[in-house]
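Following: one structure in structure tokens, then a few remarks.
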Protein chains: 2
Amino acid sequence: MSEAAPNPPALRVDAERNRLALIDAATTVFARRGMEAPLDEVAREAGVGIATLYRRFPERTQLVEAVFEQRMRLYADHAVAAAARALLEPWDAFRDYVTFIFEQQATDTAFADVLIAPLTGSPVFADMHRAAFQATITLVARAHEAGAIRADFSHADLYLATLANAGLVKAARSSGPEASRRLCAYLLESFRPGSRDPLPPVPRVWERTTRT
Amino acid sequence: MSEAAPNPPALRVDAERNRLALIDAATTVFARRGMEAPLDEVAREAGVGIATLYRRFPERTQLVEAVFEQRMRLYADHAVAAAARALLEPWDAFRDYVTFIFEQQATDTAFADVLIAPLTGSPVFADMHRAAFQATITLVARAHEAGAIRADFSHADLYLATLANAGLVKAARSSGPEASRRLCAYLLESFRPGSRDPLPPVPRVWERTTRT
């Protein structure tokens with residue numbers, strides 16, 4: 001047997017469990033305290049020693065990347081599920097998806113920043129971001145086909161809504177979640193068909209980036 | 001005649017003209033470059049020498065205060081006019097007022113900051129801010145009495161809308177004005193009566209501060 005032999009199964013399972021516990025803990029702590037939160041708080045939250053944290057994630061950026069990947073996976077999973085559901089329940093799928101995004105933004109400001117400016121470099125993250133983006137295009141297209149949303153709703157309006165909500169959540173501080181729910185209800189109301197007035201155009205730059 | 005005699009009229013007129021030109025110039029330059037913009041740029045824009053600027057406004061904070069007072073006066077004038085107009089044209093008065101605020105925020109980020117967090121210390125500013133606030137309460141009350149806006153619209157929703165718009169304008173950068181117009185159209189649509197669903201409650205802290 002060579003020295004590079006893999007760990008025995010029990011140890012690998014433990015290591016993976018610790019890794020996932022650390023990612024979950026970091027998600028919680030980063031959401032609460034920001035991305036600069038002390039790492040010993042993350043280790044404590046995960047119920048492991050700081051040495052274990054540094055063994056799994058030698059650099060903070062690796063932990064941050066793992067957290068963002070996990071968050072983006074959640075977001076992509078929701079988008080894909082919403083696009084599928086939109087075949088049968090177009091409005092409910094659309095409404096619940098928008099509500100989910102607004103809630104995520106209101107309760108996890110670190111993720112909110114990622115969502116509107118996905119700058120992290122991991123290829124896994126980029127893949128999932130692309131998948132989520134494509135799924136939202138399908139979601140909006142299906143909602144349009146079913147007449148569940150107003151004809152002049154643009155896919156770019158999802159971006160517009162998340163930018164507005166991110167700003168509101170930040171500015172409203174502890175009232176962020178409540179304020180965000182109300183903004184969500186207002187916007188959903190006006191995303192439905194039956195509007196009295198046509199909308200002004202989507203910013204031209206956005207039209208280009210959201211058409212694929 | 002004592003040494004403390006007032007300036008002869010011609011000089012006072014000149015001085016006042018320079019003062020107003022400097023406030024206008026500072027408004028333009030601050031809106032474009034932020035509150036830290038170089039003062040010689042302000043003097044140049046006003047068509048006066050930098051010495052004149054320092055004679056009228058020995059400290060930057062005095063110029064900033066004068067700019068904010070002027071902006072708040074514009075805001076208060078609009079609010080008071082909208083409240084009066086609401087007696088005859090409640091919806092138009094309400095819609096045009098919201099549109100005006102959104103446009104101001106989109107084109108003057110310095111004022112946008114003041115509008116959502118009026119921290120400047122001048123008593124003149126505080127008086128005008130109070131007057132504007134009271135006028136918007138009257139505007140909303142009159143729109144409600146006329147049934148021009150949905151029954152569950154709260155005065156606090158004006159605050160909510162300005163926070164969301166401020167965040168959008170900042171994040172959207174050069175697309176800010178276009179994005180802001182679209183958000184404004186969406187929100188106005190859902191502020192009208194005839195909504196399908198009730199709204200979640202206004203943040204409780206806001207309820208308290210907006211009831212007078």
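Identifiers for the structure tokens are assigned positionally: chains receive A, B, ... in sequence, residues are indexed from 1 per chain, and ligands are indexed from 1 in the order shown.
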Fit chain A to chain B: least squares, all C-alpha atoms, paired in order; write the output as an mmCIF file with C-alpha atoms, in the first residue's frame.
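Once written, superposed36.cif looks like this:
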data_model
loop_
_atom_site.group_PDB
_atom_site.id
_atom_site.type_symbol
_atom_site.label_atom_id
_atom_site.label_comp_id
_atom_site.auth_asym_id
_atom_site.auth_seq_id
_atom_site.Cartn_x
_atom_site.Cartn_y
_atom_site.Cartn_z
ATOM 1 C CA MET A 1 -22.605 106.649 10.808
ATOM 2 C CA SER A 2 -21.190 103.677 12.678
ATOM 3 C CA GLU A 3 -18.749 101.217 11.158
ATOM 4 C CA ALA A 4 -21.398 98.459 11.466
ATOM 5 C CA ALA A 5 -23.655 100.166 8.918
ATOM 6 C CA PRO A 6 -25.239 97.773 6.404
ATOM 7 C CA ASN A 7 -23.781 97.400 2.923
ATOM 8 C CA PRO A 8 -25.222 99.728 0.301
ATOM 9 C CA PRO A 9 -28.159 98.083 -1.545
ATOM 10 C CA ALA A 10 -26.249 97.369 -4.785
ATOM 11 C CA LEU A 11 -23.562 95.415 -2.940
ATOM 12 C CA ARG A 12 -26.115 93.458 -0.943
ATOM 13 C CA VAL A 13 -27.940 92.490 -4.117
ATOM 14 C CA ASP A 14 -24.656 91.321 -5.639
ATOM 15 C CA ALA A 15 -23.780 89.361 -2.533
ATOM 16 C CA GLU A 16 -27.175 87.677 -2.481
ATOM 17 C CA ARG A 17 -26.919 86.885 -6.182
ATOM 18 C CA ASN A 18 -23.512 85.282 -5.606
ATOM 19 C CA ARG A 19 -24.836 83.352 -2.644
ATOM 20 C CA LEU A 20 -27.702 81.913 -4.682
ATOM 21 C CA ALA A 21 -25.415 81.171 -7.646
ATOM 22 C CA LEU A 22 -23.078 79.307 -5.295
ATOM 23 C CA ILE A 23 -25.921 77.270 -3.807
ATOM 24 C CA ASP A 24 -27.182 76.370 -7.280
ATOM 25 C CA ALA A 25 -23.675 75.477 -8.432
ATOM 26 C CA ALA A 26 -23.029 73.402 -5.316
ATOM 27 C CA THR A 27 -26.324 71.575 -5.833
ATOM 28 C CA THR A 28 -25.261 70.651 -9.358
ATOM 29 C CA VAL A 29 -21.696 69.705 -8.454
ATOM 30 C CA PHE A 30 -22.646 67.752 -5.309
ATOM 31 C CA ALA A 31 -25.325 65.866 -7.237
ATOM 32 C CA ARG A 32 -22.763 64.962 -9.890
ATOM 33 C CA ARG A 33 -19.689 64.306 -7.773
ATOM 34 C CA GLY A 34 -20.926 63.738 -4.233
ATOM 35 C CA MET A 35 -20.716 65.930 -1.138
ATOM 36 C CA GLU A 36 -16.909 65.767 -1.120
ATOM 37 C CA ALA A 37 -16.577 67.507 -4.489
ATOM 38 C CA PRO A 38 -13.764 70.102 -4.665
ATOM 39 C CA LEU A 39 -15.004 73.579 -3.833
ATOM 40 C CA ASP A 40 -13.085 75.283 -6.643
ATOM 41 C CA GLU A 41 -15.263 73.290 -9.033
ATOM 42 C CA VAL A 42 -18.292 74.793 -7.282
ATOM 43 C CA ALA A 43 -16.865 78.318 -7.607
ATOM 44 C CA ARG A 44 -16.101 77.736 -11.294
ATOM 45 C CA GLU A 45 -19.621 76.408 -11.929
ATOM 46 C CA ALA A 46 -21.041 79.496 -10.181
ATOM 47 C CA GLY A 47 -18.850 81.831 -12.223
ATOM 48 C CA VAL A 48 -17.246 83.399 -9.146
ATOM 49 C CA GLY A 49 -13.765 83.261 -7.650
ATOM 50 C CA ILE A 50 -12.905 80.843 -4.857
ATOM 51 C CA ALA A 51 -12.389 83.854 -2.535
ATOM 52 C CA THR A 52 -16.032 84.840 -2.999
ATOM 53 C CA LEU A 53 -17.083 81.296 -2.160
ATOM 54 C CA TYR A 54 -15.097 81.345 1.089
ATOM 55 C CA ARG A 55 -16.456 84.815 1.945
ATOM 56 C CA ARG A 56 -20.066 83.601 1.629
ATOM 57 C CA PHE A 57 -19.436 80.115 3.028
ATOM 58 C CA PRO A 58 -16.364 80.088 5.286
ATOM 59 C CA GLU A 59 -16.907 76.359 5.962
ATOM 60 C CA ARG A 60 -17.960 73.542 3.676
ATOM 61 C CA THR A 61 -20.679 72.497 6.105
ATOM 62 C CA GLN A 62 -22.384 75.885 5.679
ATOM 63 C CA LEU A 63 -22.569 75.384 1.939
ATOM 64 C CA VAL A 64 -23.799 71.816 2.372
ATOM 65 C CA GLU A 65 -26.457 73.050 4.780
ATOM 66 C CA ALA A 66 -27.604 75.722 2.341
ATOM 67 C CA VAL A 67 -27.839 73.154 -0.453
ATOM 68 C CA PHE A 68 -29.870 70.790 1.714
ATOM 69 C CA GLU A 69 -32.159 73.615 2.794
ATOM 70 C CA GLN A 70 -32.798 74.542 -0.804
ATOM 71 C CA ARG A 71 -33.472 70.935 -1.775
ATOM 72 C CA MET A 72 -35.754 70.406 1.184
ATOM 73 C CA ARG A 73 -37.623 73.616 0.333
ATOM 74 C CA LEU A 74 -38.241 72.257 -3.175
ATOM 75 C CA TYR A 75 -39.449 68.975 -1.692
ATOM 76 C CA ALA A 76 -41.689 70.726 0.849
ATOM 77 C CA ASP A 77 -43.113 73.042 -1.826
ATOM 78 C CA HIS A 78 -44.012 70.031 -3.942
ATOM 79 C CA ALA A 79 -45.566 68.197 -1.008
ATOM 80 C CA VAL A 80 -47.658 71.201 0.016
ATOM 81 C CA ALA A 81 -48.801 71.793 -3.565
ATOM 82 C CA ALA A 82 -49.659 68.108 -3.969
ATOM 83 C CA ALA A 83 -51.713 68.105 -0.764
ATOM 84 C CA ALA A 84 -53.670 71.130 -2.017
ATOM 85 C CA ARG A 85 -54.173 69.644 -5.475
ATOM 86 C CA ALA A 86 -55.395 66.389 -3.909
ATOM 87 C CA LEU A 87 -58.680 68.107 -3.002
ATOM 88 C CA LEU A 88 -59.587 68.299 -6.675
ATOM 89 C CA GLU A 89 -57.419 65.653 -8.362
ATOM 90 C CA PRO A 90 -56.475 63.159 -5.654
ATOM 91 C CA TRP A 91 -54.966 60.451 -7.837
ATOM 92 C CA ASP A 92 -53.074 62.790 -10.156
ATOM 93 C CA ALA A 93 -51.725 64.721 -7.183
ATOM 94 C CA PHE A 94 -50.593 61.528 -5.478
ATOM 95 C CA ARG A 95 -49.109 60.003 -8.649
ATOM 96 C CA ASP A 96 -47.234 63.135 -9.668
ATOM 97 C CA TYR A 97 -45.840 63.583 -6.191
ATOM 98 C CA VAL A 98 -44.509 60.020 -6.002
ATOM 99 C CA THR A 99 -43.089 60.411 -9.513
ATOM 100 C CA PHE A 100 -41.385 63.661 -8.509
ATOM 101 C CA ILE A 101 -39.729 62.041 -5.480
ATOM 102 C CA PHE A 102 -38.538 59.064 -7.528
ATOM 103 C CA GLU A 103 -37.073 61.387 -10.161
ATOM 104 C CA GLN A 104 -35.322 63.490 -7.554
ATOM 105 C CA GLN A 105 -33.779 60.393 -6.040
ATOM 106 C CA ALA A 106 -32.656 59.108 -9.419
ATOM 107 C CA THR A 107 -30.983 62.324 -10.507
ATOM 108 C CA ASP A 108 -29.515 63.611 -7.247
ATOM 109 C CA THR A 109 -28.009 60.967 -5.020
ATOM 110 C CA ALA A 110 -26.898 63.504 -2.411
ATOM 111 C CA PHE A 111 -30.499 64.565 -1.950
ATOM 112 C CA ALA A 112 -31.583 60.938 -1.963
ATOM 113 C CA ASP A 113 -29.465 60.329 1.129
ATOM 114 C CA VAL A 114 -30.924 63.373 2.872
ATOM 115 C CA LEU A 115 -34.452 62.400 2.036
ATOM 116 C CA ILE A 116 -34.294 59.006 3.668
ATOM 117 C CA ALA A 117 -32.061 60.035 6.601
ATOM 118 C CA PRO A 118 -32.479 63.749 7.308
ATOM 119 C CA LEU A 119 -29.585 64.218 9.691
ATOM 120 C CA THR A 120 -28.490 67.744 8.890
ATOM 121 C CA GLY A 121 -28.780 70.004 11.879
ATOM 122 C CA SER A 122 -30.115 73.301 10.559
ATOM 123 C CA PRO A 123 -33.403 74.378 12.189
ATOM 124 C CA VAL A 124 -34.610 75.773 8.841
ATOM 125 C CA PHE A 125 -34.093 72.357 7.310
ATOM 126 C CA ALA A 126 -35.875 70.635 10.180
ATOM 127 C CA ASP A 127 -38.840 73.013 9.865
ATOM 128 C CA MET A 128 -39.161 72.355 6.151
ATOM 129 C CA HIS A 129 -38.789 68.636 6.647
ATOM 130 C CA ARG A 130 -41.624 68.723 9.154
ATOM 131 C CA ALA A 131 -43.770 70.784 6.793
ATOM 132 C CA ALA A 132 -43.128 68.337 3.953
ATOM 133 C CA PHE A 133 -43.895 65.395 6.189
ATOM 134 C CA GLN A 134 -47.189 66.898 7.362
ATOM 135 C CA ALA A 135 -48.150 67.734 3.790
ATOM 136 C CA THR A 136 -47.585 64.122 2.684
ATOM 137 C CA ILE A 137 -49.827 62.936 5.531
ATOM 138 C CA THR A 138 -52.536 65.278 4.249
ATOM 139 C CA LEU A 139 -51.912 64.129 0.672
ATOM 140 C CA VAL A 140 -52.316 60.459 1.606
ATOM 141 C CA ALA A 141 -55.383 61.189 3.771
ATOM 142 C CA ARG A 142 -57.078 63.059 0.915
ATOM 143 C CA ALA A 143 -56.247 60.335 -1.578
ATOM 144 C CA HIS A 144 -57.764 57.831 0.855
ATOM 145 C CA GLU A 145 -60.917 59.897 1.374
ATOM 146 C CA ALA A 146 -61.401 60.068 -2.381
ATOM 147 C CA GLY A 147 -60.792 56.339 -2.772
ATOM 148 C CA ALA A 148 -57.934 57.121 -5.150
ATOM 149 C CA ILE A 149 -55.507 54.714 -3.464
ATOM 150 C CA ARG A 150 -56.049 51.279 -1.986
ATOM 151 C CA ALA A 151 -57.558 51.221 1.489
ATOM 152 C CA ASP A 152 -54.573 49.416 3.028
ATOM 153 C CA PHE A 153 -52.018 51.876 1.651
ATOM 154 C CA SER A 154 -50.125 53.333 4.587
ATOM 155 C CA HIS A 155 -48.314 56.658 4.744
ATOM 156 C CA ALA A 156 -45.279 54.589 5.730
ATOM 157 C CA ASP A 157 -45.364 53.069 2.236
ATOM 158 C CA LEU A 158 -44.005 56.349 0.897
ATOM 159 C CA TYR A 159 -40.967 55.738 3.069
ATOM 160 C CA LEU A 160 -40.793 52.115 1.969
ATOM 161 C CA ALA A 161 -40.936 53.178 -1.672
ATOM 162 C CA THR A 162 -38.197 55.791 -1.272
ATOM 163 C CA LEU A 163 -35.909 53.315 0.485
ATOM 164 C CA ALA A 164 -36.418 50.742 -2.263
ATOM 165 C CA ASN A 165 -35.898 53.327 -4.966
ATOM 166 C CA ALA A 166 -32.757 54.723 -3.326
ATOM 167 C CA GLY A 167 -31.276 51.225 -3.233
ATOM 168 C CA LEU A 168 -32.223 50.549 -6.828
ATOM 169 C CA VAL A 169 -30.826 53.857 -8.094
ATOM 170 C CA LYS A 170 -27.519 53.272 -6.335
ATOM 171 C CA ALA A 171 -27.125 49.678 -7.465
ATOM 172 C CA ALA A 172 -28.224 50.304 -11.059
ATOM 173 C CA ARG A 173 -25.677 53.128 -11.487
ATOM 174 C CA SER A 174 -26.006 54.645 -14.969
ATOM 175 C CA SER A 175 -29.272 52.753 -15.524
ATOM 176 C CA GLY A 176 -30.650 54.238 -12.293
ATOM 177 C CA PRO A 177 -33.056 56.767 -13.810
ATOM 178 C CA GLU A 178 -34.537 54.243 -16.264
ATOM 179 C CA ALA A 179 -34.845 51.520 -13.651
ATOM 180 C CA SER A 180 -36.344 53.969 -11.193
ATOM 181 C CA ARG A 181 -39.066 55.028 -13.656
ATOM 182 C CA ARG A 182 -40.054 51.422 -14.101
ATOM 183 C CA LEU A 183 -40.158 50.696 -10.374
ATOM 184 C CA CYS A 184 -42.253 53.840 -9.954
ATOM 185 C CA ALA A 185 -44.757 52.640 -12.566
ATOM 186 C CA TYR A 186 -44.993 49.213 -10.917
ATOM 187 C CA LEU A 187 -45.550 50.637 -7.461
ATOM 188 C CA LEU A 188 -48.063 53.257 -8.581
ATOM 189 C CA GLU A 189 -50.003 50.491 -10.308
ATOM 190 C CA SER A 190 -50.284 48.548 -7.086
ATOM 191 C CA PHE A 191 -50.986 51.590 -4.906
ATOM 192 C CA ARG A 192 -54.310 52.048 -6.692
ATOM 193 C CA PRO A 193 -57.498 50.428 -5.439
ATOM 194 C CA GLY A 194 -58.631 47.086 -6.822
ATOM 195 C CA SER A 195 -55.906 44.860 -5.431
ATOM 196 C CA ARG A 196 -56.454 41.131 -5.380
ATOM 197 C CA ASP A 197 -54.670 40.386 -2.122
ATOM 198 C CA PRO A 198 -54.324 42.162 1.225
ATOM 199 C CA LEU A 199 -50.856 43.422 2.131
ATOM 200 C CA PRO A 200 -48.644 42.129 4.914
ATOM 201 C CA PRO A 201 -48.427 44.669 7.766
ATOM 202 C CA VAL A 202 -46.225 47.764 7.715
ATOM 203 C CA PRO A 203 -43.113 47.383 9.917
ATOM 204 C CA ARG A 204 -44.354 48.172 13.402
ATOM 205 C CA VAL A 205 -41.599 50.725 14.129
ATOM 206 C CA TRP A 206 -42.649 52.693 11.055
ATOM 207 C CA GLU A 207 -46.302 52.731 12.079
ATOM 208 C CA ARG A 208 -45.298 54.521 15.240
ATOM 209 C CA THR A 209 -43.042 57.118 13.627
ATOM 210 C CA THR A 210 -45.451 58.019 10.838
ATOM 211 C CA ARG A 211 -48.502 58.442 13.028
ATOM 212 C CA THR A 212 -48.617 62.003 14.356
#
* Asked: Among chain A, which ones does DSSP place in helix (DSSP H, G or I), written as a PyMOL selection string?
  -> chain A and resi 9-33+39-46+50-56+60-85+90-107+109-116+123-145+156-191+204-210
